[in-house]
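Novice: Next up is a structure, given as structure tokens.
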Amino acid sequence: MMTKHPFSRVADYYDTLMKGIDYSEWVNYTIELFKHFDHKPKRVLDLACGTGSATIELVRRGFEVTAIDLSSEMLEILRKKKKTHKIEIMKADMQNFKLSHPVDAVTCYFDSINYLTEERALKRCFRCVYEALAEKGIFVFDMNTIYGLAKVWGTNTLVREIDNIYSVWRAVYDASKYISTLYLTLFVGDGKFYKRVEEVHQERAYPMEKIEELLREAGFPTVEIFAHMTTNSFLDISSRVMIVAEKKI
């Protein structure tokens, strides 16, 4: 059965599971993209922020940041982590949100957009982002590609051990729908015993032509897609891409 709200049961363990992700490097790359497109944002919305690791990195670099996520549990972790950092935190769905003030840039990290498994959900998300941006704004987000879900994730099982957590990641790929279903099982050590935690996640990959089409329909006149962590054009074997969409009025 699909977890109604992914990242609810695993929230307390998420940062441990993601220890290998260099969020500082990702944010540095984002800033380079801002410069590449001649944007100097001050206010940033971090969409689907999760526990806010990237959010905090953005704040450390001087941005005024609003953070949105649907998971109350993940946002509670962010509230504990942010300490003295000033962050506006909102619980909202990334396909149905509205800000009280415009932002200069929107970021969305770690394939969060792939969780939108229907085109109409993507359309709503992209339009919400467009409406949230100031007259000259920029939207920067990454996605897993069809190649990434089909070949890198594939239909495989991965077992990992990090600190006191054993995790089993069982991915099943449906090539007819470009959807990967991830069955995540954690065994969390607590003295002599282990607590079992389970969630089911789904991601859908899209042809990049479709992503560009939907962004343009949402109002973005400029869309560029790069191989992740580069400013080079993506390849058929790129497992992850970074997408930049500009709003210009």
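Labeling convention for the structure tokens: chains A, B, ... as they appear, residues from 1 per chain, ligands from 1 in order of appearance.
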Each residue of region 57-117 of chain A lying at most 10 Å from region 29-37 of chain A should get a row with its shortest atom-to-atom pair and the distance in Å to one decimal, counting only C-alpha atoms; could you produce that, ordered by chain and increasing number, as CSV?

Specialist:
```
residue,atom,partner,partner_atom,distance
A:Leu58,CA,A:Ile31,CA,9.2
A:Arg61,CA,A:Ile31,CA,9.4
A:Ala105,CA,A:Phe34,CA,8.8
A:Thr107,CA,A:Thr30,CA,8.2
```

Novice: Skip Phe141 (chain A) itself and residues of its chain fewer than 5 positions away, then list as a PyMOL selection string all residues within 8 Å of it, counting only C-alpha atoms.

Specialist: chain A and resi 107-109+111+113+242-244

Novice: Take the residues from that selection and put them in a file with N, CA and C atoms, as an mmCIF file, in the first residue's frame.

Specialist:
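File produced: selection_3.cif:
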```
data_model
loop_
_atom_site.group_PDB
_atom_site.id
_atom_site.type_symbol
_atom_site.label_atom_id
_atom_site.label_comp_id
_atom_site.auth_asym_id
_atom_site.auth_seq_id
_atom_site.Cartn_x
_atom_site.Cartn_y
_atom_site.Cartn_z
ATOM 1 N N THR A 107 13.875 27.166 -5.619
ATOM 2 C CA THR A 107 14.710 25.977 -5.751
ATOM 3 C C THR A 107 13.893 24.758 -5.338
ATOM 4 N N CYS A 108 14.229 23.619 -5.901
ATOM 5 C CA CYS A 108 13.585 22.364 -5.511
ATOM 6 C C CYS A 108 14.599 21.252 -5.748
ATOM 7 N N TYR A 109 14.996 20.581 -4.664
ATOM 8 C CA TYR A 109 16.132 19.670 -4.731
ATOM 9 C C TYR A 109 15.747 18.198 -4.566
ATOM 10 N N ASP A 111 15.235 15.429 -6.555
ATOM 11 C CA ASP A 111 14.171 14.790 -7.344
ATOM 12 C C ASP A 111 12.774 14.897 -6.732
ATOM 13 N N ILE A 113 10.466 16.886 -7.597
ATOM 14 C CA ILE A 113 9.489 17.061 -8.675
ATOM 15 C C ILE A 113 9.065 15.714 -9.258
ATOM 16 N N MET A 242 19.583 19.071 -14.167
ATOM 17 C CA MET A 242 19.183 20.303 -13.494
ATOM 18 C C MET A 242 18.482 21.166 -14.525
ATOM 19 N N ILE A 243 17.307 21.635 -14.182
ATOM 20 C CA ILE A 243 16.469 22.386 -15.109
ATOM 21 C C ILE A 243 16.340 23.821 -14.604
ATOM 22 N N VAL A 244 16.511 24.758 -15.504
ATOM 23 C CA VAL A 244 16.422 26.182 -15.182
ATOM 24 C C VAL A 244 15.344 26.809 -16.059
#
```

Novice: May I have a table of the residues of region 125-150 of chain A lying at most 8 Å from region 185-208 of chain A, giving each one's closest pair of atoms and their distance in Å to one decimal, counting only C-alpha atoms, ordered by chain and ascending residue number, as a tab-separated table?

Specialist:
```
residue	atom	partner	partner_atom	distance
A:Met143	CA	A:Ala205	CA	7.7
A:Asn144	CA	A:Ala205	CA	6.3
A:Thr145	CA	A:Ala205	CA	5.3
A:Ile146	CA	A:Ala205	CA	5.0
A:Leu149	CA	A:Ala205	CA	7.0
```

Novice: Got a sec: who's within 12 Å of region 95-102 of chain A, counting only C-alpha atoms, leaving out chain neighbours fewer than 4 positions off, as number ranges by chain?

Specialist: A: 41-45, 47-48, 64-70, 88-91, 106, 112-113, 115-138

Novice: Set the distance at 12 Å and use only C-alpha atoms: which residues neighbour Ile56 (chain A) once local chain neighbours fewer than 4 positions away are removed? I'd like the list as number ranges by chain.

Specialist: A: 23-24, 27, 44-46, 49-52, 60-67, 78-89

Novice: Could the residues in this selection be written to a file with N, CA and C atoms, as a PDB file, in the first residue's frame?

Specialist:
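That gives us selection04.pdb:
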```
ATOM      1  N   TYR A  23      24.864  18.833   0.415  1.00  0.00           N
ATOM      2  CA  TYR A  23      23.917  19.915   0.114  1.00  0.00           C
ATOM      3  C   TYR A  23      24.627  21.236  -0.115  1.00  0.00           C
ATOM      4  N   SER A  24      25.751  21.437   0.551  1.00  0.00           N
ATOM      5  CA  SER A  24      26.523  22.661   0.351  1.00  0.00           C
ATOM      6  C   SER A  24      26.974  22.762  -1.103  1.00  0.00           C
ATOM      7  N   VAL A  27      23.996  23.647  -3.340  1.00  0.00           N
ATOM      8  CA  VAL A  27      23.628  25.064  -3.254  1.00  0.00           C
ATOM      9  C   VAL A  27      24.664  25.925  -3.969  1.00  0.00           C
ATOM     10  N   VAL A  44      14.349  33.695  -1.670  1.00  0.00           N
ATOM     11  CA  VAL A  44      14.319  32.375  -2.303  1.00  0.00           C
ATOM     12  C   VAL A  44      13.259  31.513  -1.623  1.00  0.00           C
ATOM     13  N   LEU A  45      12.502  30.794  -2.435  1.00  0.00           N
ATOM     14  CA  LEU A  45      11.597  29.764  -1.938  1.00  0.00           C
ATOM     15  C   LEU A  45      12.245  28.413  -2.160  1.00  0.00           C
ATOM     16  N   ASP A  46      12.414  27.643  -1.091  1.00  0.00           N
ATOM     17  CA  ASP A  46      12.911  26.274  -1.203  1.00  0.00           C
ATOM     18  C   ASP A  46      11.701  25.355  -1.130  1.00  0.00           C
ATOM     19  N   CYS A  49      11.064  21.263   0.780  1.00  0.00           N
ATOM     20  CA  CYS A  49      12.344  21.458   1.483  1.00  0.00           C
ATOM     21  C   CYS A  49      12.758  20.295   2.367  1.00  0.00           C
ATOM     22  N   GLY A  50      11.828  19.409   2.712  1.00  0.00           N
ATOM     23  CA  GLY A  50      12.169  18.300   3.584  1.00  0.00           C
ATOM     24  C   GLY A  50      12.633  18.766   4.951  1.00  0.00           C
ATOM     25  N   THR A  51      13.734  18.212   5.419  1.00  0.00           N
ATOM     26  CA  THR A  51      14.269  18.596   6.731  1.00  0.00           C
ATOM     27  C   THR A  51      15.122  19.853   6.653  1.00  0.00           C
ATOM     28  N   GLY A  52      15.217  20.445   5.461  1.00  0.00           N
ATOM     29  CA  GLY A  52      15.810  21.765   5.335  1.00  0.00           C
ATOM     30  C   GLY A  52      17.322  21.846   5.285  1.00  0.00           C
ATOM     31  N   ARG A  60      22.620  30.438   5.005  1.00  0.00           N
ATOM     32  CA  ARG A  60      24.016  30.726   5.345  1.00  0.00           C
ATOM     33  C   ARG A  60      24.696  31.578   4.281  1.00  0.00           C
ATOM     34  N   ARG A  61      24.185  31.538   3.075  1.00  0.00           N
ATOM     35  CA  ARG A  61      24.768  32.328   1.992  1.00  0.00           C
ATOM     36  C   ARG A  61      24.084  33.679   1.822  1.00  0.00           C
ATOM     37  N   GLY A  62      23.226  34.020   2.767  1.00  0.00           N
ATOM     38  CA  GLY A  62      22.676  35.366   2.796  1.00  0.00           C
ATOM     39  C   GLY A  62      21.312  35.551   2.173  1.00  0.00           C
ATOM     40  N   PHE A  63      20.676  34.475   1.729  1.00  0.00           N
ATOM     41  CA  PHE A  63      19.351  34.596   1.133  1.00  0.00           C
ATOM     42  C   PHE A  63      18.270  34.652   2.209  1.00  0.00           C
ATOM     43  N   GLU A  64      17.195  35.383   1.915  1.00  0.00           N
ATOM     44  CA  GLU A  64      15.987  35.330   2.736  1.00  0.00           C
ATOM     45  C   GLU A  64      15.163  34.156   2.217  1.00  0.00           C
ATOM     46  N   VAL A  65      14.904  33.174   3.074  1.00  0.00           N
ATOM     47  CA  VAL A  65      14.363  31.912   2.574  1.00  0.00           C
ATOM     48  C   VAL A  65      13.001  31.584   3.185  1.00  0.00           C
ATOM     49  N   THR A  66      12.092  31.195   2.304  1.00  0.00           N
ATOM     50  CA  THR A  66      10.834  30.575   2.693  1.00  0.00           C
ATOM     51  C   THR A  66      10.933  29.101   2.343  1.00  0.00           C
ATOM     52  N   ALA A  67      10.502  28.236   3.256  1.00  0.00           N
ATOM     53  CA  ALA A  67      10.608  26.792   3.047  1.00  0.00           C
ATOM     54  C   ALA A  67       9.215  26.174   3.096  1.00  0.00           C
ATOM     55  N   LEU A  78      13.106  20.373  10.569  1.00  0.00           N
ATOM     56  CA  LEU A  78      13.688  21.654  10.168  1.00  0.00           C
ATOM     57  C   LEU A  78      13.583  22.680  11.291  1.00  0.00           C
ATOM     58  N   ARG A  79      12.445  22.732  11.949  1.00  0.00           N
ATOM     59  CA  ARG A  79      12.277  23.698  13.043  1.00  0.00           C
ATOM     60  C   ARG A  79      13.319  23.471  14.145  1.00  0.00           C
ATOM     61  N   LYS A  80      13.634  22.220  14.397  1.00  0.00           N
ATOM     62  CA  LYS A  80      14.632  21.906  15.423  1.00  0.00           C
ATOM     63  C   LYS A  80      16.042  22.233  14.944  1.00  0.00           C
ATOM     64  N   LYS A  81      16.290  22.047  13.650  1.00  0.00           N
ATOM     65  CA  LYS A  81      17.635  22.244  13.101  1.00  0.00           C
ATOM     66  C   LYS A  81      17.992  23.703  12.858  1.00  0.00           C
ATOM     67  N   LYS A  82      16.986  24.514  12.561  1.00  0.00           N
ATOM     68  CA  LYS A  82      17.290  25.869  12.093  1.00  0.00           C
ATOM     69  C   LYS A  82      17.888  26.759  13.178  1.00  0.00           C
ATOM     70  N   LYS A  83      17.633  26.446  14.445  1.00  0.00           N
ATOM     71  CA  LYS A  83      18.206  27.184  15.579  1.00  0.00           C
ATOM     72  C   LYS A  83      17.953  28.680  15.409  1.00  0.00           C
ATOM     73  N   THR A  84      19.009  29.471  15.256  1.00  0.00           N
ATOM     74  CA  THR A  84      18.830  30.928  15.157  1.00  0.00           C
ATOM     75  C   THR A  84      18.628  31.404  13.720  1.00  0.00           C
ATOM     76  N   HIS A  85      18.698  30.495  12.757  1.00  0.00           N
ATOM     77  CA  HIS A  85      18.501  30.899  11.366  1.00  0.00           C
ATOM     78  C   HIS A  85      17.057  31.356  11.163  1.00  0.00           C
ATOM     79  N   LYS A  86      16.891  32.478  10.470  1.00  0.00           N
ATOM     80  CA  LYS A  86      15.569  33.017  10.200  1.00  0.00           C
ATOM     81  C   LYS A  86      15.029  32.386   8.921  1.00  0.00           C
ATOM     82  N   ILE A  87      14.025  31.546   9.068  1.00  0.00           N
ATOM     83  CA  ILE A  87      13.416  30.856   7.930  1.00  0.00           C
ATOM     84  C   ILE A  87      11.902  30.897   8.092  1.00  0.00           C
ATOM     85  N   GLU A  88      11.209  31.337   7.055  1.00  0.00           N
ATOM     86  CA  GLU A  88       9.746  31.278   7.063  1.00  0.00           C
ATOM     87  C   GLU A  88       9.341  29.876   6.626  1.00  0.00           C
ATOM     88  N   ILE A  89       8.646  29.160   7.498  1.00  0.00           N
ATOM     89  CA  ILE A  89       8.298  27.765   7.233  1.00  0.00           C
ATOM     90  C   ILE A  89       6.798  27.647   7.000  1.00  0.00           C
TER      91      ILE A  89
END
```
